[in-house]
Amino acid sequence: MIIDLHAHTFFSDGALIPSEMVRRAGAANYGAVAITDHGDSSNLDHLVPSIVRVAEDLNKTQLVKVIPGVELTHVPPPLIASLVKKARDLGAKLVVIHGETIVEPVAPGTNRAGLDAGADIIAHPGLLSMEEARLAAQKGIYLEITARKGHCLTNGHVARVALETGASLVLNSDGHAPGDFLSEALAPRIVEGAGLLPDAYARLQSNARLLLDRLGYPLS
Ligand SMILES: [Zn+2]
Ligand SMILES: [Zn+2]
């Protein structure tokens with residue numbers, strides 16, 4: 001069963017309305033999916049309550065667990081802590097930071113600010129430092145192995161520093177369109193392609209389950 005804690009809808013730049021995204025996730029054998037649209041101070045006020053509302057509705061009627069979240073994206077590092085808090089106050093159960101991918105000019109210090117602020121996942125953290133990975137391990141913040149084109153170029157680095165520091169990894173799609181869903185066939189191969197041993201996918205899945213437990217959405 002797939003757990004995918006980073007996906008987009010047309011509340012930001014995804015192709016699908018949340019109900020269709022979640023329906024398709026169910027059809028793709030997902031157990032849980034987080035809606036984590038791009039957010040900053042311009043849109044958190046309406047974005048997060050909308051995601052919370054649809055997640056509540058869908059969780060009443062569908063088997064796939066829907067976790068209401070947000071991906072704070074290109075927020076200047078000095079503002080990240082206050083927006084993490086604001087997102088949580090508005091009801092976001094999962095706060096993802098759009099990390100320092102090498103294919104976008106994400107402000108240096110974004111990974112660190114997200115870790116300091118106690119976000120849940122640093123998505124595509126790029127060439128994060130050992131010190132940052134150590135901090136992630138200490139604080140129980142997850143680092144992302146991503147299926148997303150471009151962002152995935154540093155999966156090997158992320159896997160290595162996580163292994164060396166004990167930081168926990170999760171695999172996410174960062175999906176924006178129907179073709180981006182993870183599959184049981186592809187997911188373990190992405191993990192192995194990041195340089196991890198073939199048994200690592202099971203560990204990443206159990207990391208994701210632990211995070212779901214912490215967020216209050218345990219998979220039965
Ligand atoms: Zn996007
Ligand atoms: Zn994303």
# chains A, B, ... in the order shown; residues from 1 in each chain; ligands from 1
$ closest_atom_pairs --of "chain A" --to "ligand 2" --cutoff "9 Å" --atoms "only C-alpha atoms and all ligand atoms" --output "Markdown table"
| residue | atom | partner | partner_atom_place_in_ligand_line | distance |
| --- | --- | --- | --- | --- |
| A:His6 | CA | ligand 2 | 1 (Zn) | 6.2 |
| A:Ala7 | CA | ligand 2 | 1 (Zn) | 6.2 |
| A:His8 | CA | ligand 2 | 1 (Zn) | 6.5 |
| A:Thr36 | CA | ligand 2 | 1 (Zn) | 7.0 |
| A:Asp37 | CA | ligand 2 | 1 (Zn) | 6.9 |
| A:His38 | CA | ligand 2 | 1 (Zn) | 6.8 |
| A:Glu71 | CA | ligand 2 | 1 (Zn) | 6.4 |
| A:Leu72 | CA | ligand 2 | 1 (Zn) | 9.0 |
| A:Thr73 | CA | ligand 2 | 1 (Zn) | 8.1 |
| A:Val96 | CA | ligand 2 | 1 (Zn) | 8.4 |
| A:Ile97 | CA | ligand 2 | 1 (Zn) | 8.7 |
| A:His98 | CA | ligand 2 | 1 (Zn) | 6.5 |
| A:Ala123 | CA | ligand 2 | 1 (Zn) | 7.4 |
| A:His124 | CA | ligand 2 | 1 (Zn) | 8.6 |
| A:Arg148 | CA | ligand 2 | 1 (Zn) | 8.5 |
| A:Ser173 | CA | ligand 2 | 1 (Zn) | 8.4 |
| A:Asp174 | CA | ligand 2 | 1 (Zn) | 4.6 |
| A:Gly175 | CA | ligand 2 | 1 (Zn) | 7.1 |
| A:His176 | CA | ligand 2 | 1 (Zn) | 7.9 |
$ write_last_selection --atoms "C-alpha atoms" --output "PDB file, in the first residue's frame"
ATOM      1  CA  HIS A   6       3.514  15.237  -0.800  1.00  0.00           C
ATOM      2  CA  ALA A   7       1.065  15.894  -3.615  1.00  0.00           C
ATOM      3  CA  HIS A   8      -0.525  18.885  -5.327  1.00  0.00           C
ATOM      4  CA  THR A  36       0.341  19.715   0.273  1.00  0.00           C
ATOM      5  CA  ASP A  37      -0.246  22.607  -2.062  1.00  0.00           C
ATOM      6  CA  HIS A  38       2.227  25.442  -2.389  1.00  0.00           C
ATOM      7  CA  GLU A  71       4.134  22.940   1.277  1.00  0.00           C
ATOM      8  CA  LEU A  72       5.694  26.247   2.284  1.00  0.00           C
ATOM      9  CA  THR A  73       7.378  27.217  -0.953  1.00  0.00           C
ATOM     10  CA  VAL A  96       6.274  20.263   4.285  1.00  0.00           C
ATOM     11  CA  ILE A  97       9.087  22.669   3.443  1.00  0.00           C
ATOM     12  CA  HIS A  98       9.984  23.089  -0.240  1.00  0.00           C
ATOM     13  CA  ALA A 123      11.048  17.941   0.669  1.00  0.00           C
ATOM     14  CA  HIS A 124      13.790  17.529  -1.953  1.00  0.00           C
ATOM     15  CA  ARG A 148       9.853  14.409  -9.038  1.00  0.00           C
ATOM     16  CA  SER A 173       5.733  11.688  -5.461  1.00  0.00           C
ATOM     17  CA  ASP A 174       5.499  15.506  -5.307  1.00  0.00           C
ATOM     18  CA  GLY A 175       2.842  14.730  -7.893  1.00  0.00           C
ATOM     19  CA  HIS A 176       1.119  17.431  -9.895  1.00  0.00           C
TER      20      HIS A 176
END
$ residues_around --residues "Thr146 of chain A" --least-positions-apart "4" --cutoff "6 Å" --atoms "only C-alpha atoms" --output "count of residues only"
4
$ select_by_dssp --residues "segment 63-112 of chain A" --states "alpha helix (DSSP H)" --output "list in words"
Pro77, Pro78, Leu79, Ile80, Ala81, Ser82, Leu83, Val84, Lys85, Lys86, Ala87, Arg88, Asp89, Thr110, Asn111 and Arg112 of chain A
$ closest_residue --among "A:Asp13, A:Glu100, A:Asp4, A:Asp89" --to "Leu153 of chain A" --atoms "only C-alpha atoms"
A:Glu100
$ closest_residue --among "A:Lys60, A:Lys93, A:His74, A:Lys86" --to "ligand 1" --atoms "only C-alpha atoms and all ligand atoms"
A:His74
$ residues_around --residues "Thr154 of chain A" --least-positions-apart "2" --cutoff "10 Å" --atoms "only C-alpha atoms" --output "ChimeraX atom specification"
/A:101-103,124-128,145-146,150-152,156-159,194
$ write_last_selection --atoms "N, CA and C atoms" --output "CSV table (one decimal), in the first residue's frame"
chain,number,residue,atom,x,y,z
A,101,THR,N,16.2,22.2,-3.4
A,101,THR,CA,16.5,21.6,-4.7
A,101,THR,C,17.5,22.3,-5.5
A,102,ILE,N,18.3,21.6,-6.2
A,102,ILE,CA,19.4,22.3,-7.0
A,102,ILE,C,18.8,22.8,-8.3
A,103,VAL,N,17.6,22.5,-8.7
A,103,VAL,CA,17.1,23.0,-9.9
A,103,VAL,C,16.2,24.2,-9.8
A,124,HIS,N,12.6,17.3,-1.1
A,124,HIS,CA,13.8,17.5,-2.0
A,124,HIS,C,14.8,18.5,-1.4
A,125,PRO,N,15.5,18.1,-0.3
A,125,PRO,CA,16.4,19.0,0.4
A,125,PRO,C,17.7,19.3,-0.3
A,126,GLY,N,17.9,18.8,-1.6
A,126,GLY,CA,19.1,19.1,-2.3
A,126,GLY,C,20.4,18.6,-1.7
A,127,LEU,N,21.4,19.5,-1.7
A,127,LEU,CA,22.7,19.1,-1.1
A,127,LEU,C,22.7,19.5,0.4
A,128,LEU,N,21.8,19.0,1.1
A,128,LEU,CA,21.8,19.4,2.5
A,128,LEU,C,23.0,18.9,3.2
A,145,ILE,N,13.0,11.5,-0.2
A,145,ILE,CA,13.4,11.0,-1.5
A,145,ILE,C,12.3,11.2,-2.4
A,146,THR,N,12.5,11.8,-3.6
A,146,THR,CA,11.4,12.3,-4.4
A,146,THR,C,11.4,11.6,-5.7
A,150,GLY,N,14.0,16.4,-11.8
A,150,GLY,CA,14.8,17.5,-11.5
A,150,GLY,C,15.2,17.5,-10.0
A,151,HIS,N,14.1,17.5,-9.1
A,151,HIS,CA,14.4,17.5,-7.7
A,151,HIS,C,15.1,16.2,-7.3
A,152,CYS,N,14.8,15.1,-8.1
A,152,CYS,CA,15.4,13.8,-7.8
A,152,CYS,C,16.9,13.7,-8.0
A,156,GLY,N,20.5,10.6,-4.3
A,156,GLY,CA,21.6,9.8,-3.8
A,156,GLY,C,22.3,10.5,-2.7
A,157,HIS,N,22.5,11.8,-2.8
A,157,HIS,CA,23.1,12.5,-1.7
A,157,HIS,C,22.3,12.5,-0.4
A,158,VAL,N,21.0,12.7,-0.6
A,158,VAL,CA,20.1,12.7,0.6
A,158,VAL,C,20.1,11.4,1.2
A,159,ALA,N,20.1,10.3,0.4
A,159,ALA,CA,20.1,9.0,1.0
A,159,ALA,C,21.4,8.7,1.8
A,194,ALA,N,18.3,5.5,-5.6
A,194,ALA,CA,18.9,6.5,-4.8
A,194,ALA,C,20.2,5.9,-4.1
$ decode --residues "segment 29-84 of chain A" --atoms "C-alpha atoms" --output "PDB file, in the first residue's frame"
ATOM      1  CA  ASN A  29      -3.669   1.409  -4.437  1.00  0.00           C
ATOM      2  CA  TYR A  30      -2.764   4.264  -2.111  1.00  0.00           C
ATOM      3  CA  GLY A  31      -3.372   3.867   1.607  1.00  0.00           C
ATOM      4  CA  ALA A  32      -2.773   7.534   2.393  1.00  0.00           C
ATOM      5  CA  VAL A  33      -2.079  10.755   0.558  1.00  0.00           C
ATOM      6  CA  ALA A  34      -1.309  14.237   1.852  1.00  0.00           C
ATOM      7  CA  ILE A  35      -2.567  17.305   0.041  1.00  0.00           C
ATOM      8  CA  THR A  36       0.341  19.715   0.273  1.00  0.00           C
ATOM      9  CA  ASP A  37      -0.246  22.607  -2.062  1.00  0.00           C
ATOM     10  CA  HIS A  38       2.227  25.442  -2.389  1.00  0.00           C
ATOM     11  CA  GLY A  39       1.745  28.104   0.250  1.00  0.00           C
ATOM     12  CA  ASP A  40       3.190  31.401   1.427  1.00  0.00           C
ATOM     13  CA  SER A  41       1.773  34.374   3.295  1.00  0.00           C
ATOM     14  CA  SER A  42      -0.388  35.325   0.278  1.00  0.00           C
ATOM     15  CA  ASN A  43      -2.623  32.277   0.387  1.00  0.00           C
ATOM     16  CA  LEU A  44      -2.343  30.310   3.648  1.00  0.00           C
ATOM     17  CA  ASP A  45      -5.525  31.862   5.047  1.00  0.00           C
ATOM     18  CA  HIS A  46      -7.774  30.358   2.394  1.00  0.00           C
ATOM     19  CA  LEU A  47      -5.615  27.452   1.191  1.00  0.00           C
ATOM     20  CA  VAL A  48      -5.294  25.557   4.451  1.00  0.00           C
ATOM     21  CA  PRO A  49      -8.938  25.731   5.595  1.00  0.00           C
ATOM     22  CA  SER A  50     -10.048  24.602   2.105  1.00  0.00           C
ATOM     23  CA  ILE A  51      -7.746  21.584   2.208  1.00  0.00           C
ATOM     24  CA  VAL A  52      -8.824  20.796   5.775  1.00  0.00           C
ATOM     25  CA  ARG A  53     -12.488  20.892   4.730  1.00  0.00           C
ATOM     26  CA  VAL A  54     -12.155  18.587   1.729  1.00  0.00           C
ATOM     27  CA  ALA A  55      -9.904  16.191   3.664  1.00  0.00           C
ATOM     28  CA  GLU A  56     -12.544  15.922   6.384  1.00  0.00           C
ATOM     29  CA  ASP A  57     -15.265  15.191   3.831  1.00  0.00           C
ATOM     30  CA  LEU A  58     -13.231  12.635   1.907  1.00  0.00           C
ATOM     31  CA  ASN A  59     -12.059  10.900   5.077  1.00  0.00           C
ATOM     32  CA  LYS A  60     -15.713  10.277   5.989  1.00  0.00           C
ATOM     33  CA  THR A  61     -16.481   8.574   2.708  1.00  0.00           C
ATOM     34  CA  GLN A  62     -13.346   7.039   1.224  1.00  0.00           C
ATOM     35  CA  LEU A  63     -10.816   4.450   2.296  1.00  0.00           C
ATOM     36  CA  VAL A  64      -7.717   6.444   1.361  1.00  0.00           C
ATOM     37  CA  LYS A  65      -6.620   8.546   4.325  1.00  0.00           C
ATOM     38  CA  VAL A  66      -6.321  12.177   3.321  1.00  0.00           C
ATOM     39  CA  ILE A  67      -3.939  14.293   5.367  1.00  0.00           C
ATOM     40  CA  PRO A  68      -4.453  18.047   5.118  1.00  0.00           C
ATOM     41  CA  GLY A  69      -1.118  19.762   4.679  1.00  0.00           C
ATOM     42  CA  VAL A  70       0.762  22.525   2.957  1.00  0.00           C
ATOM     43  CA  GLU A  71       4.134  22.940   1.277  1.00  0.00           C
ATOM     44  CA  LEU A  72       5.694  26.247   2.284  1.00  0.00           C
ATOM     45  CA  THR A  73       7.378  27.217  -0.953  1.00  0.00           C
ATOM     46  CA  HIS A  74      10.106  29.797  -1.564  1.00  0.00           C
ATOM     47  CA  VAL A  75       9.202  31.484   1.711  1.00  0.00           C
ATOM     48  CA  PRO A  76      12.169  33.625   2.802  1.00  0.00           C
ATOM     49  CA  PRO A  77      13.930  31.724   5.597  1.00  0.00           C
ATOM     50  CA  PRO A  78      13.364  34.412   8.269  1.00  0.00           C
ATOM     51  CA  LEU A  79       9.585  34.051   7.732  1.00  0.00           C
ATOM     52  CA  ILE A  80       9.418  30.252   7.758  1.00  0.00           C
ATOM     53  CA  ALA A  81       8.954  29.738  11.504  1.00  0.00           C
ATOM     54  CA  SER A  82       5.975  32.075  11.726  1.00  0.00           C
ATOM     55  CA  LEU A  83       4.309  30.498   8.667  1.00  0.00           C
ATOM     56  CA  VAL A  84       4.833  26.960   9.988  1.00  0.00           C
TER      57      VAL A  84
END
